[in-house]
file upload-v6.pdb (PDB, C-alpha atoms)
ATOM      1  CA  MET A   1    -189.435 -87.313 141.645  1.00  0.00           C
ATOM      2  CA  PRO A   2    -187.095 -89.548 139.689  1.00  0.00           C
ATOM      3  CA  THR A   3    -185.829 -87.926 136.502  1.00  0.00           C
ATOM      4  CA  PHE A   4    -183.940 -89.846 133.848  1.00  0.00           C
ATOM      5  CA  THR A   5    -182.597 -89.380 130.345  1.00  0.00           C
ATOM      6  CA  PHE A   6    -181.399 -91.781 127.709  1.00  0.00           C
ATOM      7  CA  GLU A   7    -180.302 -91.421 124.102  1.00  0.00           C
ATOM      8  CA  ARG A   8    -180.497 -93.670 121.087  1.00  0.00           C
ATOM      9  CA  THR A   9    -179.117 -93.394 117.556  1.00  0.00           C
ATOM     10  CA  ALA A  10    -181.142 -94.996 114.775  1.00  0.00           C
ATOM     11  CA  PRO A  11    -180.434 -95.491 111.050  1.00  0.00           C
ATOM     12  CA  LEU A  12    -183.640 -93.621 110.218  1.00  0.00           C
ATOM     13  CA  THR A  13    -184.575 -90.253 108.791  1.00  0.00           C
ATOM     14  CA  LEU A  14    -185.817 -87.671 111.289  1.00  0.00           C
ATOM     15  CA  ASP A  15    -189.358 -88.040 109.968  1.00  0.00           C
ATOM     16  CA  GLU A  16    -189.339 -91.835 110.256  1.00  0.00           C
ATOM     17  CA  ALA A  17    -187.878 -91.858 113.788  1.00  0.00           C
ATOM     18  CA  TRP A  18    -190.480 -89.253 114.804  1.00  0.00           C
ATOM     19  CA  ARG A  19    -193.317 -91.255 113.277  1.00  0.00           C
ATOM     20  CA  ARG A  20    -192.271 -94.475 115.004  1.00  0.00           C
ATOM     21  CA  LEU A  21    -191.968 -92.798 118.415  1.00  0.00           C
ATOM     22  CA  THR A  22    -195.146 -90.711 118.271  1.00  0.00           C
ATOM     23  CA  GLU A  23    -197.693 -93.176 116.890  1.00  0.00           C
ATOM     24  CA  TRP A  24    -199.088 -93.766 120.363  1.00  0.00           C
ATOM     25  CA  PRO A  25    -200.904 -97.080 119.747  1.00  0.00           C
ATOM     26  CA  ARG A  26    -197.565 -98.633 118.656  1.00  0.00           C
ATOM     27  CA  HIS A  27    -196.259 -98.186 122.218  1.00  0.00           C
ATOM     28  CA  ALA A  28    -198.556-101.027 123.298  1.00  0.00           C
ATOM     29  CA  ASP A  29    -196.463-103.369 121.123  1.00  0.00           C
ATOM     30  CA  ALA A  30    -193.295-102.226 122.876  1.00  0.00           C
ATOM     31  CA  VAL A  31    -194.373-102.050 126.545  1.00  0.00           C
ATOM     32  CA  PRO A  32    -195.424-105.347 128.139  1.00  0.00           C
ATOM     33  CA  LEU A  33    -198.975-105.664 129.500  1.00  0.00           C
ATOM     34  CA  THR A  34    -199.953-102.253 128.128  1.00  0.00           C
ATOM     35  CA  ARG A  35    -202.822-101.066 125.968  1.00  0.00           C
ATOM     36  CA  ILE A  36    -203.068 -97.567 124.473  1.00  0.00           C
ATOM     37  CA  ARG A  37    -206.296 -95.702 123.899  1.00  0.00           C
ATOM     38  CA  VAL A  38    -206.218 -92.363 122.080  1.00  0.00           C
ATOM     39  CA  LEU A  39    -208.835 -90.063 123.620  1.00  0.00           C
ATOM     40  CA  THR A  40    -208.852 -87.260 121.035  1.00  0.00           C
ATOM     41  CA  PRO A  41    -209.268 -87.411 117.249  1.00  0.00           C
ATOM     42  CA  GLY A  42    -206.086 -87.285 115.154  1.00  0.00           C
ATOM     43  CA  PRO A  43    -203.786 -86.108 113.949  1.00  0.00           C
ATOM     44  CA  THR A  44    -201.689 -85.616 117.077  1.00  0.00           C
ATOM     45  CA  ARG A  45    -201.230 -81.979 118.092  1.00  0.00           C
ATOM     46  CA  GLU A  46    -201.001 -79.893 121.246  1.00  0.00           C
ATOM     47  CA  GLY A  47    -203.966 -80.883 123.390  1.00  0.00           C
ATOM     48  CA  SER A  48    -204.098 -84.477 122.117  1.00  0.00           C
ATOM     49  CA  ARG A  49    -204.677 -86.978 124.926  1.00  0.00           C
ATOM     50  CA  PHE A  50    -204.201 -90.709 125.315  1.00  0.00           C
ATOM     51  CA  VAL A  51    -204.034 -93.244 128.102  1.00  0.00           C
ATOM     52  CA  ALA A  52    -201.614 -96.128 128.561  1.00  0.00           C
ATOM     53  CA  ARG A  53    -203.279 -98.808 130.695  1.00  0.00           C
ATOM     54  CA  SER A  54    -200.718-101.208 132.153  1.00  0.00           C
ATOM     55  CA  GLY A  55    -201.299-104.292 134.229  1.00  0.00           C
ATOM     56  CA  ILE A  56    -203.347-107.428 134.283  1.00  0.00           C
ATOM     57  CA  GLY A  57    -206.862-108.150 135.533  1.00  0.00           C
ATOM     58  CA  PRO A  58    -207.923-105.809 138.340  1.00  0.00           C
ATOM     59  CA  LEU A  59    -204.309-104.673 138.911  1.00  0.00           C
ATOM     60  CA  VAL A  60    -204.055-101.905 136.311  1.00  0.00           C
ATOM     61  CA  ILE A  61    -202.696 -98.374 136.344  1.00  0.00           C
ATOM     62  CA  ASP A  62    -203.714 -95.697 133.872  1.00  0.00           C
ATOM     63  CA  ASP A  63    -201.057 -93.261 132.649  1.00  0.00           C
ATOM     64  CA  VAL A  64    -203.110 -90.409 131.181  1.00  0.00           C
ATOM     65  CA  MET A  65    -201.012 -88.123 128.974  1.00  0.00           C
ATOM     66  CA  GLU A  66    -201.585 -84.839 127.180  1.00  0.00           C
ATOM     67  CA  VAL A  67    -199.382 -83.437 124.432  1.00  0.00           C
ATOM     68  CA  THR A  68    -198.322 -79.940 125.524  1.00  0.00           C
ATOM     69  CA  VAL A  69    -195.577 -79.346 122.925  1.00  0.00           C
ATOM     70  CA  TRP A  70    -195.827 -80.725 119.396  1.00  0.00           C
ATOM     71  CA  ARG A  71    -193.072 -79.666 117.019  1.00  0.00           C
ATOM     72  CA  PRO A  72    -192.378 -82.358 114.409  1.00  0.00           C
ATOM     73  CA  PRO A  73    -188.969 -82.201 112.721  1.00  0.00           C
ATOM     74  CA  VAL A  74    -188.790 -80.034 109.621  1.00  0.00           C
ATOM     75  CA  ASP A  75    -185.901 -80.481 107.171  1.00  0.00           C
ATOM     76  CA  ALA A  76    -182.856 -80.800 109.466  1.00  0.00           C
ATOM     77  CA  GLU A  77    -184.516 -79.052 112.434  1.00  0.00           C
ATOM     78  CA  PRO A  78    -185.108 -81.254 115.507  1.00  0.00           C
ATOM     79  CA  GLY A  79    -188.572 -82.318 116.584  1.00  0.00           C
ATOM     80  CA  LEU A  80    -189.837 -82.124 120.168  1.00  0.00           C
ATOM     81  CA  CYS A  81    -192.893 -83.638 121.829  1.00  0.00           C
ATOM     82  CA  ARG A  82    -193.661 -82.991 125.500  1.00  0.00           C
ATOM     83  CA  LEU A  83    -196.230 -85.074 127.334  1.00  0.00           C
ATOM     84  CA  GLU A  84    -197.721 -84.098 130.700  1.00  0.00           C
ATOM     85  CA  LYS A  85    -198.870 -87.044 132.794  1.00  0.00           C
ATOM     86  CA  ARG A  86    -202.338 -86.179 134.094  1.00  0.00           C
ATOM     87  CA  GLY A  87    -203.485 -89.362 135.790  1.00  0.00           C
ATOM     88  CA  ARG A  88    -204.585 -89.953 139.371  1.00  0.00           C
ATOM     89  CA  VAL A  89    -201.605 -92.197 140.121  1.00  0.00           C
ATOM     90  CA  ILE A  90    -198.907 -91.541 137.494  1.00  0.00           C
ATOM     91  CA  LEU A  91    -197.625 -87.942 137.401  1.00  0.00           C
ATOM     92  CA  GLY A  92    -194.744 -86.052 135.796  1.00  0.00           C
ATOM     93  CA  TRP A  93    -193.786 -85.430 132.185  1.00  0.00           C
ATOM     94  CA  ALA A  94    -191.862 -86.922 129.262  1.00  0.00           C
ATOM     95  CA  GLU A  95    -190.050 -85.311 126.352  1.00  0.00           C
ATOM     96  CA  ILE A  96    -189.101 -87.036 123.128  1.00  0.00           C
ATOM     97  CA  GLU A  97    -186.627 -85.140 120.988  1.00  0.00           C
ATOM     98  CA  VAL A  98    -185.537 -86.324 117.543  1.00  0.00           C
ATOM     99  CA  ARG A  99    -182.558 -84.544 116.014  1.00  0.00           C
ATOM    100  CA  PRO A 100    -179.953 -85.138 113.325  1.00  0.00           C
ATOM    101  CA  GLY A 101    -177.322 -87.673 114.326  1.00  0.00           C
ATOM    102  CA  PRO A 102    -174.002 -88.762 112.914  1.00  0.00           C
ATOM    103  CA  GLY A 103    -173.838 -90.111 109.385  1.00  0.00           C
ATOM    104  CA  GLY A 104    -177.379 -89.070 108.423  1.00  0.00           C
ATOM    105  CA  ARG A 105    -178.931 -91.073 111.255  1.00  0.00           C
ATOM    106  CA  SER A 106    -181.388 -89.781 113.843  1.00  0.00           C
ATOM    107  CA  ARG A 107    -180.504 -89.096 117.459  1.00  0.00           C
ATOM    108  CA  VAL A 108    -183.323 -89.574 119.987  1.00  0.00           C
ATOM    109  CA  VAL A 109    -183.192 -87.980 123.423  1.00  0.00           C
ATOM    110  CA  TRP A 110    -185.860 -89.175 125.869  1.00  0.00           C
ATOM    111  CA  ARG A 111    -186.237 -87.241 129.134  1.00  0.00           C
ATOM    112  CA  GLU A 112    -188.767 -88.131 131.777  1.00  0.00           C
ATOM    113  CA  GLU A 113    -189.789 -87.150 135.257  1.00  0.00           C
ATOM    114  CA  LEU A 114    -191.947 -89.793 136.867  1.00  0.00           C
ATOM    115  CA  ARG A 115    -193.833 -89.875 140.119  1.00  0.00           C
ATOM    116  CA  VAL A 116    -196.202 -92.516 141.400  1.00  0.00           C
ATOM    117  CA  ARG A 117    -198.638 -91.028 143.888  1.00  0.00           C
ATOM    118  CA  PHE A 118    -198.573 -92.745 147.282  1.00  0.00           C
ATOM    119  CA  LEU A 119    -195.208 -94.399 146.548  1.00  0.00           C
ATOM    120  CA  PRO A 120    -192.702 -93.323 149.237  1.00  0.00           C
ATOM    121  CA  ARG A 121    -189.573 -91.466 148.068  1.00  0.00           C
ATOM    122  CA  ALA A 122    -187.483 -94.357 149.404  1.00  0.00           C
ATOM    123  CA  PHE A 123    -188.491 -96.166 146.179  1.00  0.00           C
ATOM    124  CA  ASP A 124    -187.319 -93.372 143.833  1.00  0.00           C
ATOM    125  CA  GLY A 125    -184.098 -95.206 142.893  1.00  0.00           C
ATOM    126  CA  VAL A 126    -185.879 -98.445 142.063  1.00  0.00           C
ATOM    127  CA  LEU A 127    -188.564 -96.540 140.131  1.00  0.00           C
ATOM    128  CA  GLU A 128    -185.939 -94.635 138.130  1.00  0.00           C
ATOM    129  CA  ARG A 129    -183.924 -97.746 137.216  1.00  0.00           C
ATOM    130  CA  THR A 130    -187.045 -99.712 136.312  1.00  0.00           C
ATOM    131  CA  ALA A 131    -188.537 -96.900 134.218  1.00  0.00           C
ATOM    132  CA  ARG A 132    -185.244 -96.151 132.419  1.00  0.00           C
ATOM    133  CA  THR A 133    -184.881 -99.841 131.510  1.00  0.00           C
ATOM    134  CA  MET A 134    -188.519-100.275 130.449  1.00  0.00           C
ATOM    135  CA  PHE A 135    -188.728 -97.073 128.362  1.00  0.00           C
ATOM    136  CA  GLY A 136    -185.255 -97.651 126.913  1.00  0.00           C
ATOM    137  CA  ARG A 137    -186.295-101.106 125.693  1.00  0.00           C
ATOM    138  CA  ALA A 138    -189.556 -99.668 124.352  1.00  0.00           C
ATOM    139  CA  ALA A 139    -187.659 -96.986 122.406  1.00  0.00           C
ATOM    140  CA  ASN A 140    -185.340 -99.666 121.001  1.00  0.00           C
ATOM    141  CA  ARG A 141    -188.311-101.736 119.807  1.00  0.00           C
ATOM    142  CA  LEU A 142    -190.143 -98.745 118.356  1.00  0.00           C
ATOM    143  CA  LEU A 143    -187.070 -97.597 116.443  1.00  0.00           C
ATOM    144  CA  ARG A 144    -186.412-101.126 115.093  1.00  0.00           C
ATOM    145  CA  ALA A 145    -189.962-102.070 114.098  1.00  0.00           C
ATOM    146  CA  ALA A 146    -191.478-100.697 110.927  1.00  0.00           C
TER     147      ALA A 146
END
call {"tool": "encode", "arguments": {"input": "upload-v6.pdb", "output": "structure tokens"}}
result
Amino acid sequence: MPTFTFERTAPLTLDEAWRRLTEWPRHADAVPLTRIRVLTPGPTREGSRFVARSGIGPLVIDDVMEVTVWRPPVDAEPGLCRLEKRGRVILGWAEIEVRPGPGGRSRVVWREELRVRFLPRAFDGVLERTARTMFGRAANRLLRAA
């Protein structure tokens, strides 16, 4: 399973960086050809579920996720959200950590393990590079947009 990590620093408070990264419907604005549907009533907490449907026409893949760790930042303490991917095709997990960064900014650490069922391991490198680029760009957009 490809595993990747990337980090970003944003001129935002911990609370604002957390909000921008964990308002799930906003991810649809940052990931091309993707719609987000929240399956459980808010607010987000452990057990919350949502699905990211990506694709066009009949060629769509659902990435069903469940929040298994939900610790928003408090004062200067880091926040951590862990998502377990529970779909039929997309498996693995993702963690979004928001912690204090230099100069009063926020430091975001995104870790993800991603597996696509039925995709041979020979494609792990391509999957990792593609996912790191796509999620990195999404994080950039989410941290920039208000």
call {"tool": "residues_around", "arguments": {"input": "upload-v6.pdb", "residues": "Ala131 in chain A", "least_positions_apart": "4", "cutoff": "10 Å", "atoms": "all atoms listed in the file", "output": "tab-separated table (two decimals) with C-alpha atoms, in the frame of the given file"}}
result
chain	number	residue	atom	x	y	z
A	2	PRO	CA	-187.10	-89.55	139.69
A	3	THR	CA	-185.83	-87.93	136.50
A	4	PHE	CA	-183.94	-89.85	133.85
A	112	GLU	CA	-188.77	-88.13	131.78
A	113	GLU	CA	-189.79	-87.15	135.26
A	114	LEU	CA	-191.95	-89.79	136.87
A	125	GLY	CA	-184.10	-95.21	142.89
A	126	VAL	CA	-185.88	-98.44	142.06
A	127	LEU	CA	-188.56	-96.54	140.13
A	135	PHE	CA	-188.73	-97.07	128.36
A	136	GLY	CA	-185.26	-97.65	126.91
A	137	ARG	CA	-186.30	-101.11	125.69
call {"tool": "residues_near_point", "arguments": {"input": "upload-v6.pdb", "point": "(-205.2, -87.6, 137.3)", "cutoff": "12 Å", "atoms": "only C-alpha atoms", "output": "number ranges by chain"}}
result
A: 51, 61-66, 84-92, 115-117
call {"tool": "residues_around", "arguments": {"input": "upload-v6.pdb", "residues": "Arg107 in chain A", "least_positions_apart": "2", "cutoff": "10 Å", "atoms": "only C-alpha atoms", "output": "PyMOL selection string"}}
result
chain A and resi 7-14+17+78+97-102+104-105+109-110
call {"tool": "atom_distance", "arguments": {"input": "upload-v6.pdb", "atom1": "CA of Glu16 in chain A", "atom2": "CA of Thr130 in chain A"}}
result
27.3 Å
call {"tool": "residues_near_point", "arguments": {"input": "upload-v6.pdb", "point": "(-199.0, -79.7, 117.0)", "cutoff": "12 Å", "atoms": "all atoms listed in the file", "output": "MDAnalysis selection string"}}
result
chainID A and resid 22 42:48 66:73 79:83
call {"tool": "resolve_selection", "arguments": {"input": "upload-v6.pdb", "expression": "the PyMOL selection byres ((chain A and resi 38) around 7)", "output": "short mmCIF file (atom, residue, chain, number, x, y, z; two decimals) with C-alpha atoms, in the coordinates of the input"}}
result
data_model
loop_
_atom_site.label_atom_id
_atom_site.label_comp_id
_atom_site.auth_asym_id
_atom_site.auth_seq_id
_atom_site.Cartn_x
_atom_site.Cartn_y
_atom_site.Cartn_z
CA ILE A 36 -203.07 -97.57 124.47
CA ARG A 37 -206.30 -95.70 123.90
CA LEU A 39 -208.84 -90.06 123.62
CA THR A 40 -208.85 -87.26 121.04
CA ARG A 49 -204.68 -86.98 124.93
CA PHE A 50 -204.20 -90.71 125.32
CA VAL A 51 -204.03 -93.24 128.10
#
call {"tool": "atom_distance", "arguments": {"input": "upload-v6.pdb", "atom1": "CA of Leu142 in chain A", "atom2": "CA of Pro58 in chain A"}}
result
27.7 Å
call {"tool": "closest_residue", "arguments": {"input": "upload-v6.pdb", "among": "A:Ala30, A:Asp15, A:Val60, A:Phe6", "to": "Arg144 in chain A", "atoms": "only C-alpha atoms"}}
result
A:Ala30
call {"tool": "resolve_selection", "arguments": {"input": "upload-v6.pdb", "expression": "the PyMOL selection byres ((chain A and resi 35) around 7)", "output": "PyMOL selection string"}}
result
chain A and resi 28+33-34+36-37+52-54
call {"tool": "decode", "arguments": {"input": "upload-v6.pdb", "residues": "range 8-22 of chain A", "atoms": "all heavy atoms", "output": "compact mmCIF listing (two decimals), in the first residue's frame"}}
result
# COMPACT_ATOMS: atom_id res chain seq x y z
N ARG A 8 2.53 21.37 5.09
CA ARG A 8 2.28 22.72 4.62
C ARG A 8 2.31 23.67 5.81
O ARG A 8 1.90 23.29 6.92
CB ARG A 8 0.91 22.85 3.95
CG ARG A 8 0.70 21.97 2.74
CD ARG A 8 1.58 22.44 1.58
NE ARG A 8 1.27 21.75 0.35
CZ ARG A 8 1.90 20.66 -0.09
NH1 ARG A 8 2.87 20.12 0.64
NH2 ARG A 8 1.60 20.11 -1.24
N THR A 9 2.75 24.90 5.60
CA THR A 9 2.68 25.94 6.60
C THR A 9 1.74 27.01 6.07
O THR A 9 1.85 27.40 4.91
CB THR A 9 4.08 26.53 6.89
OG1 THR A 9 4.93 25.49 7.35
CG2 THR A 9 4.00 27.62 7.95
N ALA A 10 0.82 27.45 6.91
CA ALA A 10 -0.19 28.42 6.47
C ALA A 10 -0.25 29.59 7.47
O ALA A 10 -0.14 29.37 8.68
CB ALA A 10 -1.56 27.76 6.37
N PRO A 11 -0.47 30.79 6.97
CA PRO A 11 -0.57 31.97 7.85
C PRO A 11 -1.95 32.04 8.50
O PRO A 11 -2.67 33.04 8.37
CB PRO A 11 -0.31 33.14 6.91
CG PRO A 11 -0.84 32.66 5.60
CD PRO A 11 -0.56 31.17 5.57
N LEU A 12 -2.33 30.97 9.17
CA LEU A 12 -3.65 30.85 9.79
C LEU A 12 -3.51 30.42 11.24
O LEU A 12 -2.53 29.75 11.59
CB LEU A 12 -4.48 29.80 9.05
CG LEU A 12 -4.70 29.99 7.55
CD1 LEU A 12 -5.30 28.72 6.95
CD2 LEU A 12 -5.61 31.18 7.31
N THR A 13 -4.52 30.74 12.04
CA THR A 13 -4.55 30.19 13.39
C THR A 13 -4.79 28.68 13.31
O THR A 13 -5.25 28.17 12.27
CB THR A 13 -5.68 30.82 14.22
OG1 THR A 13 -6.95 30.44 13.64
CG2 THR A 13 -5.56 32.35 14.29
N LEU A 14 -4.51 27.98 14.39
CA LEU A 14 -4.78 26.54 14.41
C LEU A 14 -6.25 26.26 14.13
O LEU A 14 -6.57 25.38 13.32
CB LEU A 14 -4.40 25.93 15.76
CG LEU A 14 -2.92 25.86 16.11
CD1 LEU A 14 -2.74 25.27 17.50
CD2 LEU A 14 -2.17 25.05 15.10
N ASP A 15 -7.13 27.01 14.79
CA ASP A 15 -8.56 26.78 14.61
C ASP A 15 -9.00 27.00 13.16
O ASP A 15 -9.80 26.23 12.62
CB ASP A 15 -9.39 27.70 15.52
CG ASP A 15 -9.29 27.31 16.98
OD1 ASP A 15 -8.92 26.15 17.27
OD2 ASP A 15 -9.58 28.17 17.83
N GLU A 16 -8.48 28.04 12.51
CA GLU A 16 -8.89 28.33 11.14
C GLU A 16 -8.34 27.29 10.17
O GLU A 16 -9.06 26.85 9.26
CB GLU A 16 -8.45 29.73 10.73
CG GLU A 16 -8.87 30.13 9.35
CD GLU A 16 -10.39 30.18 9.13
OE1 GLU A 16 -11.17 30.14 10.10
OE2 GLU A 16 -10.80 30.26 7.95
N ALA A 17 -7.10 26.87 10.34
CA ALA A 17 -6.54 25.82 9.47
C ALA A 17 -7.34 24.53 9.65
O ALA A 17 -7.69 23.85 8.67
CB ALA A 17 -5.07 25.59 9.79
N TRP A 18 -7.68 24.19 10.88
CA TRP A 18 -8.46 22.99 11.18
C TRP A 18 -9.83 23.07 10.50
O TRP A 18 -10.27 22.14 9.85
CB TRP A 18 -8.62 22.85 12.70
CG TRP A 18 -9.44 21.70 13.14
CD1 TRP A 18 -10.77 21.71 13.46
CD2 TRP A 18 -9.00 20.35 13.32
NE1 TRP A 18 -11.18 20.47 13.85
CE2 TRP A 18 -10.12 19.61 13.77
CE3 TRP A 18 -7.78 19.71 13.16
CZ2 TRP A 18 -10.03 18.26 14.05
CZ3 TRP A 18 -7.70 18.36 13.45
CH2 TRP A 18 -8.82 17.65 13.88
N ARG A 19 -10.49 24.21 10.66
CA ARG A 19 -11.82 24.38 10.07
C ARG A 19 -11.76 24.19 8.55
O ARG A 19 -12.58 23.47 7.98
CB ARG A 19 -12.37 25.77 10.40
CG ARG A 19 -13.78 26.01 9.84
CD ARG A 19 -14.20 27.47 9.96
NE ARG A 19 -13.48 28.37 9.08
CZ ARG A 19 -13.70 28.49 7.77
NH1 ARG A 19 -14.63 27.76 7.17
NH2 ARG A 19 -12.99 29.33 7.04
N ARG A 20 -10.80 24.83 7.91
CA ARG A 20 -10.71 24.76 6.45
C ARG A 20 -10.43 23.33 5.96
O ARG A 20 -10.90 22.94 4.90
CB ARG A 20 -9.61 25.69 5.94
CG ARG A 20 -9.98 27.15 6.11
CD ARG A 20 -8.90 28.03 5.56
NE ARG A 20 -9.18 29.44 5.86
CZ ARG A 20 -8.59 30.44 5.25
NH1 ARG A 20 -7.69 30.20 4.31
NH2 ARG A 20 -8.89 31.67 5.58
N LEU A 21 -9.67 22.57 6.72
CA LEU A 21 -9.31 21.21 6.29
C LEU A 21 -10.35 20.15 6.65
O LEU A 21 -10.35 19.07 6.07
CB LEU A 21 -7.96 20.81 6.88
CG LEU A 21 -6.76 21.58 6.32
CD1 LEU A 21 -5.53 21.33 7.18
CD2 LEU A 21 -6.51 21.21 4.88
N THR A 22 -11.22 20.46 7.62
CA THR A 22 -12.15 19.43 8.08
C THR A 22 -13.62 19.76 7.79
O THR A 22 -14.51 19.06 8.28
CB THR A 22 -11.98 19.14 9.59
OG1 THR A 22 -12.24 20.33 10.34
CG2 THR A 22 -10.57 18.61 9.88
